[in-house]
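For reference, the structure is listed below as structure tokens.
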Amino acid sequence: METVESVDVVVIGAGQAGLSSAYHLRRTGFEPDRDFVVLVHSPGPGGAWQFRWPSLTYGKVHGMHALPGMELTDAAPERPSSEVIAEYFDRYERTFDLRVRRPVDVRAVREGTDGRLLVETSAGTWSTRALINATGTWDRPFWPRYPGQETFRGRQSHTAQYPGPEEFAGQRVVVVGGGASGTQHLLEIARYAAATTWVTRRPPVFREGPFTEDVGRAAVALVEERVRQGLPPKSVVSVTGLPLNDAIREGLTDGTLDRQPMFDRITPSGVEWSDGRRLDADIILWATGFRAAIDHLAPLRLRQPGGGIRVEGTRAVADPRVHLVGYGPSASTIGANRAGRAAVRDIRRLLAKEQGAESVAA
């Protein structure tokens, strides 16, 4: 029979949110392997950053915040962010002896016995008193469906598979999506492609001026309200707009960022609008974002009718043993740091209350 390991806390994921949570567990007296374990399916350190395209250099990364307890210093801006951050995360894991287990695929989290949760994985099963889910979104790229999509004779790709702009040389490319990735892809690809077309469902909103603390707080509050209602979270960027920097201004001026409304159907040779306008294309690049990777939590029935999980702070309202870090309002590097600390604080209170009840019962 399969053995079941028992711990107080299981952390799923080792990106910014998972490592921040593990750090705060360690700092408050939890021992790795004895009291908590960190499980991640990716092959190496770096979270989702290890999969980013080579042309996304560290100098182009917006808002990468250091992990708690260790600054990220002396990073060359021209180096790929995938290398810089993977090395930083690796150093962080070793410095704080977090003992991340990889690659481990978490298949399901379900109710166990004696008030515990069972975490079923490719490396065995863990019984735990509390769970920190820090799985992010990279594993759930969102592909919209449009009529005729299966008939397209060209290539369709997603930001999650973006190889860099050179792969689009001489091609007619349609980029779909009004977020930061879509604009970054366009500005890169335009130098190589035969032609580029940008389409979005809604007109893009460009933000002028600095991203102040007040602007950030207001944006996070809007995302937080959605998860309180049990709706799928939106990204913070979706409510703040795109920063109007020099590269964006240049793209608007030279026509690269001449946005077109969303097409209505896909044809074998390209795309088509309801007014009869057609466009031939070789590649459709879907820069349409990601969804939270939380399917493994399905046995716990945490989802609300609206499609999301109701969360207060980081705690799942339907199950106080489960915390979602890097979900909704904490889906940013600085937000993940704060959420990791908050989740550990709540879990410590939960476990202390349980121990108190056990002592009284004894």
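Every chain in the structure tokens takes a letter, A first, then B, and so on in the order presented; its residues are numbered from 1, and the ligands are numbered from 1 following the presented order.
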
Open item on the list: Quick one: residues within 12 Å of stretch 33-41 of chain A, only C-alpha atoms, excluding same-chain residues fewer than 6 positions away - as a PyMOL selection string?
Closed with: chain A and resi 5-15+17-26+47-48+93+97-107+119-136+138-139+344+347-348+351

Restricted to C-alpha atoms, what would the selected residues look like written as a PDB file, in the first residue's frame?
```
ATOM      1  CA  GLU A   5       3.291  11.401   4.695  1.00  0.00           C
ATOM      2  CA  SER A   6       1.860  13.765   7.311  1.00  0.00           C
ATOM      3  CA  VAL A   7       2.772  17.425   7.614  1.00  0.00           C
ATOM      4  CA  ASP A   8       1.128  20.550   8.968  1.00  0.00           C
ATOM      5  CA  VAL A   9       1.228  22.524   5.698  1.00  0.00           C
ATOM      6  CA  VAL A  10       1.579  21.655   2.031  1.00  0.00           C
ATOM      7  CA  VAL A  11       2.610  24.454  -0.331  1.00  0.00           C
ATOM      8  CA  ILE A  12       1.803  23.832  -3.990  1.00  0.00           C
ATOM      9  CA  GLY A  13       3.932  25.941  -6.306  1.00  0.00           C
ATOM     10  CA  ALA A  14       7.386  27.513  -6.055  1.00  0.00           C
ATOM     11  CA  GLY A  15       7.035  30.809  -7.860  1.00  0.00           C
ATOM     12  CA  ALA A  17       3.898  33.210  -4.051  1.00  0.00           C
ATOM     13  CA  GLY A  18       5.057  29.725  -3.072  1.00  0.00           C
ATOM     14  CA  LEU A  19       8.573  30.749  -2.083  1.00  0.00           C
ATOM     15  CA  SER A  20       7.290  33.724  -0.100  1.00  0.00           C
ATOM     16  CA  SER A  21       4.925  31.407   1.777  1.00  0.00           C
ATOM     17  CA  ALA A  22       7.695  28.860   2.418  1.00  0.00           C
ATOM     18  CA  TYR A  23      10.002  31.610   3.678  1.00  0.00           C
ATOM     19  CA  HIS A  24       7.441  32.818   6.208  1.00  0.00           C
ATOM     20  CA  LEU A  25       6.717  29.254   7.327  1.00  0.00           C
ATOM     21  CA  ARG A  26      10.449  28.695   7.896  1.00  0.00           C
ATOM     22  CA  GLY A  47       8.431  29.580 -11.330  1.00  0.00           C
ATOM     23  CA  ALA A  48       6.736  30.638 -14.568  1.00  0.00           C
ATOM     24  CA  GLU A  93      15.732  28.166  -2.175  1.00  0.00           C
ATOM     25  CA  ASP A  97      16.902  25.648   2.843  1.00  0.00           C
ATOM     26  CA  LEU A  98      13.340  25.383   1.549  1.00  0.00           C
ATOM     27  CA  ARG A  99      13.896  21.885   0.083  1.00  0.00           C
ATOM     28  CA  VAL A 100      11.481  22.258  -2.815  1.00  0.00           C
ATOM     29  CA  ARG A 101      10.453  18.901  -4.263  1.00  0.00           C
ATOM     30  CA  ARG A 102      10.342  18.762  -8.069  1.00  0.00           C
ATOM     31  CA  PRO A 103       9.075  17.683 -10.444  1.00  0.00           C
ATOM     32  CA  VAL A 104       5.905  16.676  -8.625  1.00  0.00           C
ATOM     33  CA  ASP A 105       2.496  16.840 -10.303  1.00  0.00           C
ATOM     34  CA  VAL A 106      -0.345  17.513  -7.879  1.00  0.00           C
ATOM     35  CA  ARG A 107      -3.353  15.601  -9.196  1.00  0.00           C
ATOM     36  CA  VAL A 119      -2.847  15.924  -1.453  1.00  0.00           C
ATOM     37  CA  GLU A 120      -2.490  13.264  -4.143  1.00  0.00           C
ATOM     38  CA  THR A 121       0.558  13.626  -6.392  1.00  0.00           C
ATOM     39  CA  SER A 122       2.835  11.806  -8.794  1.00  0.00           C
ATOM     40  CA  ALA A 123       5.281  11.356  -5.897  1.00  0.00           C
ATOM     41  CA  GLY A 124       2.845  10.007  -3.341  1.00  0.00           C
ATOM     42  CA  THR A 125       0.193  11.380  -1.007  1.00  0.00           C
ATOM     43  CA  TRP A 126       0.496  13.920   1.771  1.00  0.00           C
ATOM     44  CA  SER A 127      -1.933  14.366   4.641  1.00  0.00           C
ATOM     45  CA  THR A 128      -1.978  17.973   5.774  1.00  0.00           C
ATOM     46  CA  ARG A 129      -3.749  20.240   8.226  1.00  0.00           C
ATOM     47  CA  ALA A 130      -3.541  23.258   5.920  1.00  0.00           C
ATOM     48  CA  LEU A 131      -2.831  24.014   2.277  1.00  0.00           C
ATOM     49  CA  ILE A 132      -1.247  26.994   0.539  1.00  0.00           C
ATOM     50  CA  ASN A 133      -2.115  26.921  -3.143  1.00  0.00           C
ATOM     51  CA  ALA A 134       0.374  29.047  -5.094  1.00  0.00           C
ATOM     52  CA  THR A 135       0.015  27.568  -8.569  1.00  0.00           C
ATOM     53  CA  GLY A 136      -0.391  30.804 -10.498  1.00  0.00           C
ATOM     54  CA  TRP A 138       1.015  29.842 -16.487  1.00  0.00           C
ATOM     55  CA  ASP A 139      -0.292  26.293 -16.898  1.00  0.00           C
ATOM     56  CA  VAL A 344       1.129  31.854   7.224  1.00  0.00           C
ATOM     57  CA  ILE A 347      -2.535  29.179   9.331  1.00  0.00           C
ATOM     58  CA  ARG A 348      -0.600  29.568  12.571  1.00  0.00           C
ATOM     59  CA  LEU A 351      -3.320  25.284  13.948  1.00  0.00           C
TER      60      LEU A 351
END
```

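The neighbours of stretch 279-293 of chain A here are the residues that come within 7 Å of it, using only C-alpha atoms and leaving out any residue fewer than 5 positions away in the same chain; they are Thr135, Gly136, Thr137, Trp138, Asp139, Arg140, Pro141, Phe142, Trp143, Gly154, Arg155, Gln156, Ser157, His158, Thr159, Gln171, Arg172, Val173, Val174, Val175, Val176, Gly177, Ser181, Gly182, Ser269, Gly270, Val271 and Glu272 of chain A.
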
Serialized selection, N, CA, C and O atoms, as a short mmCIF file (atom, residue, chain, number, x, y, z; two decimals), in the first residue's frame:
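Result went into result.cif, see below:
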```
data_model
loop_
_atom_site.label_atom_id
_atom_site.label_comp_id
_atom_site.auth_asym_id
_atom_site.auth_seq_id
_atom_site.Cartn_x
_atom_site.Cartn_y
_atom_site.Cartn_z
N THR A 135 -0.25 28.15 -7.26
CA THR A 135 0.02 27.57 -8.57
C THR A 135 -0.04 28.57 -9.72
O THR A 135 0.26 28.21 -10.86
N GLY A 136 -0.43 29.80 -9.45
CA GLY A 136 -0.39 30.80 -10.50
C GLY A 136 -1.32 30.50 -11.66
O GLY A 136 -2.38 29.87 -11.51
N THR A 137 -0.89 30.93 -12.86
CA THR A 137 -1.75 30.82 -14.04
C THR A 137 -1.05 30.26 -15.28
O THR A 137 -1.71 29.94 -16.26
N TRP A 138 0.27 30.15 -15.26
CA TRP A 138 1.01 29.84 -16.49
C TRP A 138 0.57 28.54 -17.15
O TRP A 138 0.61 28.40 -18.37
N ASP A 139 0.11 27.59 -16.36
CA ASP A 139 -0.29 26.29 -16.90
C ASP A 139 -1.70 26.29 -17.49
O ASP A 139 -2.16 25.26 -17.99
N ARG A 140 -2.39 27.44 -17.42
CA ARG A 140 -3.75 27.50 -17.95
C ARG A 140 -3.89 28.63 -18.96
O ARG A 140 -4.61 29.60 -18.74
N PRO A 141 -3.17 28.57 -20.09
CA PRO A 141 -3.35 29.61 -21.11
C PRO A 141 -4.78 29.61 -21.63
O PRO A 141 -5.38 28.55 -21.83
N PHE A 142 -5.32 30.80 -21.82
CA PHE A 142 -6.70 30.91 -22.27
C PHE A 142 -6.74 31.09 -23.80
O PHE A 142 -6.18 32.05 -24.33
N TRP A 143 -7.40 30.16 -24.46
CA TRP A 143 -7.59 30.19 -25.92
C TRP A 143 -9.07 30.48 -26.20
O TRP A 143 -9.91 29.59 -26.02
N GLY A 154 -3.13 28.20 -41.41
CA GLY A 154 -1.87 28.72 -40.89
C GLY A 154 -1.58 28.16 -39.50
O GLY A 154 -2.08 27.10 -39.12
N ARG A 155 -0.78 28.87 -38.74
CA ARG A 155 -0.37 28.41 -37.41
C ARG A 155 -1.03 29.27 -36.35
O ARG A 155 -1.14 30.49 -36.51
N GLN A 156 -1.47 28.64 -35.27
CA GLN A 156 -1.99 29.37 -34.11
C GLN A 156 -1.09 29.11 -32.92
O GLN A 156 -0.69 27.97 -32.68
N SER A 157 -0.79 30.16 -32.18
CA SER A 157 0.11 30.03 -31.04
C SER A 157 -0.41 30.92 -29.91
O SER A 157 -1.31 31.74 -30.11
N HIS A 158 0.15 30.74 -28.75
CA HIS A 158 -0.26 31.49 -27.57
C HIS A 158 0.99 32.08 -26.91
O HIS A 158 2.10 31.56 -27.09
N THR A 159 0.78 33.13 -26.14
CA THR A 159 1.89 33.73 -25.39
C THR A 159 2.70 32.67 -24.64
O THR A 159 3.93 32.76 -24.54
N GLN A 171 6.32 36.63 -42.10
CA GLN A 171 4.94 36.12 -41.96
C GLN A 171 3.94 37.27 -41.78
O GLN A 171 4.30 38.36 -41.32
N ARG A 172 2.70 36.99 -42.14
CA ARG A 172 1.61 37.93 -41.87
C ARG A 172 0.96 37.49 -40.56
O ARG A 172 0.40 36.40 -40.47
N VAL A 173 1.07 38.34 -39.53
CA VAL A 173 0.74 37.93 -38.17
C VAL A 173 -0.43 38.75 -37.63
O VAL A 173 -0.42 39.99 -37.71
N VAL A 174 -1.41 38.07 -37.08
CA VAL A 174 -2.49 38.71 -36.34
C VAL A 174 -2.24 38.46 -34.86
O VAL A 174 -2.15 37.30 -34.44
N VAL A 175 -2.12 39.53 -34.09
CA VAL A 175 -1.93 39.41 -32.64
C VAL A 175 -3.25 39.77 -31.96
O VAL A 175 -3.79 40.86 -32.19
N VAL A 176 -3.75 38.87 -31.13
CA VAL A 176 -5.02 39.06 -30.45
C VAL A 176 -4.76 39.31 -28.98
O VAL A 176 -4.12 38.49 -28.31
N GLY A 177 -5.26 40.44 -28.45
CA GLY A 177 -5.12 40.69 -27.03
C GLY A 177 -4.63 42.09 -26.73
O GLY A 177 -3.69 42.56 -27.36
N SER A 181 1.37 41.70 -22.71
CA SER A 181 2.03 40.73 -23.58
C SER A 181 1.73 41.01 -25.05
O SER A 181 2.62 40.93 -25.90
N GLY A 182 0.48 41.32 -25.36
CA GLY A 182 0.11 41.59 -26.74
C GLY A 182 0.87 42.76 -27.33
O GLY A 182 1.39 42.67 -28.46
N SER A 269 -7.88 30.99 -44.63
CA SER A 269 -6.72 31.82 -45.01
C SER A 269 -6.49 33.01 -44.10
O SER A 269 -5.54 33.77 -44.31
N GLY A 270 -7.34 33.21 -43.08
CA GLY A 270 -7.15 34.37 -42.22
C GLY A 270 -8.33 34.63 -41.31
O GLY A 270 -8.89 33.70 -40.71
N VAL A 271 -8.74 35.90 -41.24
CA VAL A 271 -9.85 36.27 -40.36
C VAL A 271 -10.82 37.15 -41.13
O VAL A 271 -10.48 37.74 -42.16
N GLU A 272 -12.04 37.28 -40.58
CA GLU A 272 -13.09 38.03 -41.28
C GLU A 272 -13.97 38.73 -40.27
O GLU A 272 -14.28 38.20 -39.21
#
```

Task: Residues near stretch 264-268 of chain A, cut-off 7 Å, only C-alpha atoms, skip fewer than 3 positions along chain, as a PyMOL selection string - done: chain A and resi 146-149+151-153+271-274

TODO: Check stretch 151-183 of chain A with DSSP on the backbone and list each residue it calls helix (DSSP H, G or I), as a PyMOL selection string.
DONE: chain A and resi 151+159-161+165-168+180-183

Preceding selection exported with C-alpha atoms as a PDB file, in the first residue's frame:
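Output file result.pdb is given in full below:
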```pdb
ATOM      1  CA  THR A 151     -10.318  25.475 -40.536  1.00  0.00           C
ATOM      2  CA  THR A 159       1.888  33.728 -25.389  1.00  0.00           C
ATOM      3  CA  ALA A 160       2.718  30.605 -23.353  1.00  0.00           C
ATOM      4  CA  GLN A 161       4.484  29.218 -26.457  1.00  0.00           C
ATOM      5  CA  PRO A 165      10.168  37.586 -32.721  1.00  0.00           C
ATOM      6  CA  GLU A 166      12.604  35.953 -35.148  1.00  0.00           C
ATOM      7  CA  GLU A 167      10.220  33.016 -35.626  1.00  0.00           C
ATOM      8  CA  PHE A 168       7.732  35.363 -37.324  1.00  0.00           C
ATOM      9  CA  ALA A 180       1.005  43.966 -21.841  1.00  0.00           C
ATOM     10  CA  SER A 181       2.031  40.726 -23.583  1.00  0.00           C
ATOM     11  CA  GLY A 182       0.110  41.594 -26.739  1.00  0.00           C
ATOM     12  CA  THR A 183       1.728  44.998 -27.095  1.00  0.00           C
TER      13      THR A 183
END
```

- [ ] Apply DSSP to the backbone of this structure and, from stretch 135-199 of chain A, keep only the residues in strand (DSSP E); write these as JSON, numbers by chain.
- [x] {"A": [155, 156, 157, 158, 172, 173, 174, 175, 176, 195, 196, 197, 198, 199]}

Could you save the residues just selected, with N, CA, C and O atoms, as a PDB file, in the first residue's frame?
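Saved to again_38.pdb:
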```pdb
ATOM      1  N   ARG A 155      -0.783  28.874 -38.744  1.00  0.00           N
ATOM      2  CA  ARG A 155      -0.373  28.415 -37.410  1.00  0.00           C
ATOM      3  C   ARG A 155      -1.033  29.275 -36.353  1.00  0.00           C
ATOM      4  O   ARG A 155      -1.142  30.491 -36.508  1.00  0.00           O
ATOM      5  N   GLN A 156      -1.471  28.645 -35.270  1.00  0.00           N
ATOM      6  CA  GLN A 156      -1.993  29.375 -34.114  1.00  0.00           C
ATOM      7  C   GLN A 156      -1.089  29.107 -32.921  1.00  0.00           C
ATOM      8  O   GLN A 156      -0.694  27.968 -32.678  1.00  0.00           O
ATOM      9  N   SER A 157      -0.788  30.158 -32.184  1.00  0.00           N
ATOM     10  CA  SER A 157       0.107  30.033 -31.039  1.00  0.00           C
ATOM     11  C   SER A 157      -0.409  30.916 -29.913  1.00  0.00           C
ATOM     12  O   SER A 157      -1.312  31.740 -30.114  1.00  0.00           O
ATOM     13  N   HIS A 158       0.151  30.740 -28.754  1.00  0.00           N
ATOM     14  CA  HIS A 158      -0.259  31.494 -27.567  1.00  0.00           C
ATOM     15  C   HIS A 158       0.991  32.081 -26.906  1.00  0.00           C
ATOM     16  O   HIS A 158       2.103  31.564 -27.088  1.00  0.00           O
ATOM     17  N   ARG A 172       2.701  36.992 -42.140  1.00  0.00           N
ATOM     18  CA  ARG A 172       1.605  37.928 -41.873  1.00  0.00           C
ATOM     19  C   ARG A 172       0.963  37.487 -40.556  1.00  0.00           C
ATOM     20  O   ARG A 172       0.402  36.395 -40.472  1.00  0.00           O
ATOM     21  N   VAL A 173       1.073  38.340 -39.534  1.00  0.00           N
ATOM     22  CA  VAL A 173       0.739  37.933 -38.169  1.00  0.00           C
ATOM     23  C   VAL A 173      -0.426  38.754 -37.630  1.00  0.00           C
ATOM     24  O   VAL A 173      -0.417  39.985 -37.714  1.00  0.00           O
ATOM     25  N   VAL A 174      -1.407  38.069 -37.081  1.00  0.00           N
ATOM     26  CA  VAL A 174      -2.489  38.713 -36.344  1.00  0.00           C
ATOM     27  C   VAL A 174      -2.243  38.460 -34.863  1.00  0.00           C
ATOM     28  O   VAL A 174      -2.154  37.297 -34.436  1.00  0.00           O
ATOM     29  N   VAL A 175      -2.117  39.527 -34.086  1.00  0.00           N
ATOM     30  CA  VAL A 175      -1.931  39.406 -32.637  1.00  0.00           C
ATOM     31  C   VAL A 175      -3.246  39.773 -31.964  1.00  0.00           C
ATOM     32  O   VAL A 175      -3.791  40.860 -32.190  1.00  0.00           O
ATOM     33  N   VAL A 176      -3.745  38.870 -31.134  1.00  0.00           N
ATOM     34  CA  VAL A 176      -5.025  39.061 -30.450  1.00  0.00           C
ATOM     35  C   VAL A 176      -4.764  39.310 -28.976  1.00  0.00           C
ATOM     36  O   VAL A 176      -4.122  38.488 -28.306  1.00  0.00           O
ATOM     37  N   ALA A 195       3.850  41.603 -42.190  1.00  0.00           N
ATOM     38  CA  ALA A 195       2.776  42.512 -41.787  1.00  0.00           C
ATOM     39  C   ALA A 195       2.241  42.067 -40.434  1.00  0.00           C
ATOM     40  O   ALA A 195       2.239  40.873 -40.120  1.00  0.00           O
ATOM     41  N   THR A 196       1.779  43.028 -39.636  1.00  0.00           N
ATOM     42  CA  THR A 196       1.153  42.706 -38.356  1.00  0.00           C
ATOM     43  C   THR A 196      -0.186  43.431 -38.261  1.00  0.00           C
ATOM     44  O   THR A 196      -0.350  44.540 -38.779  1.00  0.00           O
ATOM     45  N   THR A 197      -1.128  42.791 -37.595  1.00  0.00           N
ATOM     46  CA  THR A 197      -2.438  43.388 -37.320  1.00  0.00           C
ATOM     47  C   THR A 197      -2.770  43.118 -35.867  1.00  0.00           C
ATOM     48  O   THR A 197      -2.621  41.985 -35.384  1.00  0.00           O
ATOM     49  N   TRP A 198      -3.232  44.154 -35.181  1.00  0.00           N
ATOM     50  CA  TRP A 198      -3.561  44.035 -33.765  1.00  0.00           C
ATOM     51  C   TRP A 198      -5.070  44.100 -33.599  1.00  0.00           C
ATOM     52  O   TRP A 198      -5.703  45.072 -34.042  1.00  0.00           O
ATOM     53  N   VAL A 199      -5.662  43.092 -32.980  1.00  0.00           N
ATOM     54  CA  VAL A 199      -7.100  43.090 -32.724  1.00  0.00           C
ATOM     55  C   VAL A 199      -7.359  42.847 -31.238  1.00  0.00           C
ATOM     56  O   VAL A 199      -6.666  42.062 -30.591  1.00  0.00           O
TER      57      VAL A 199
END
```
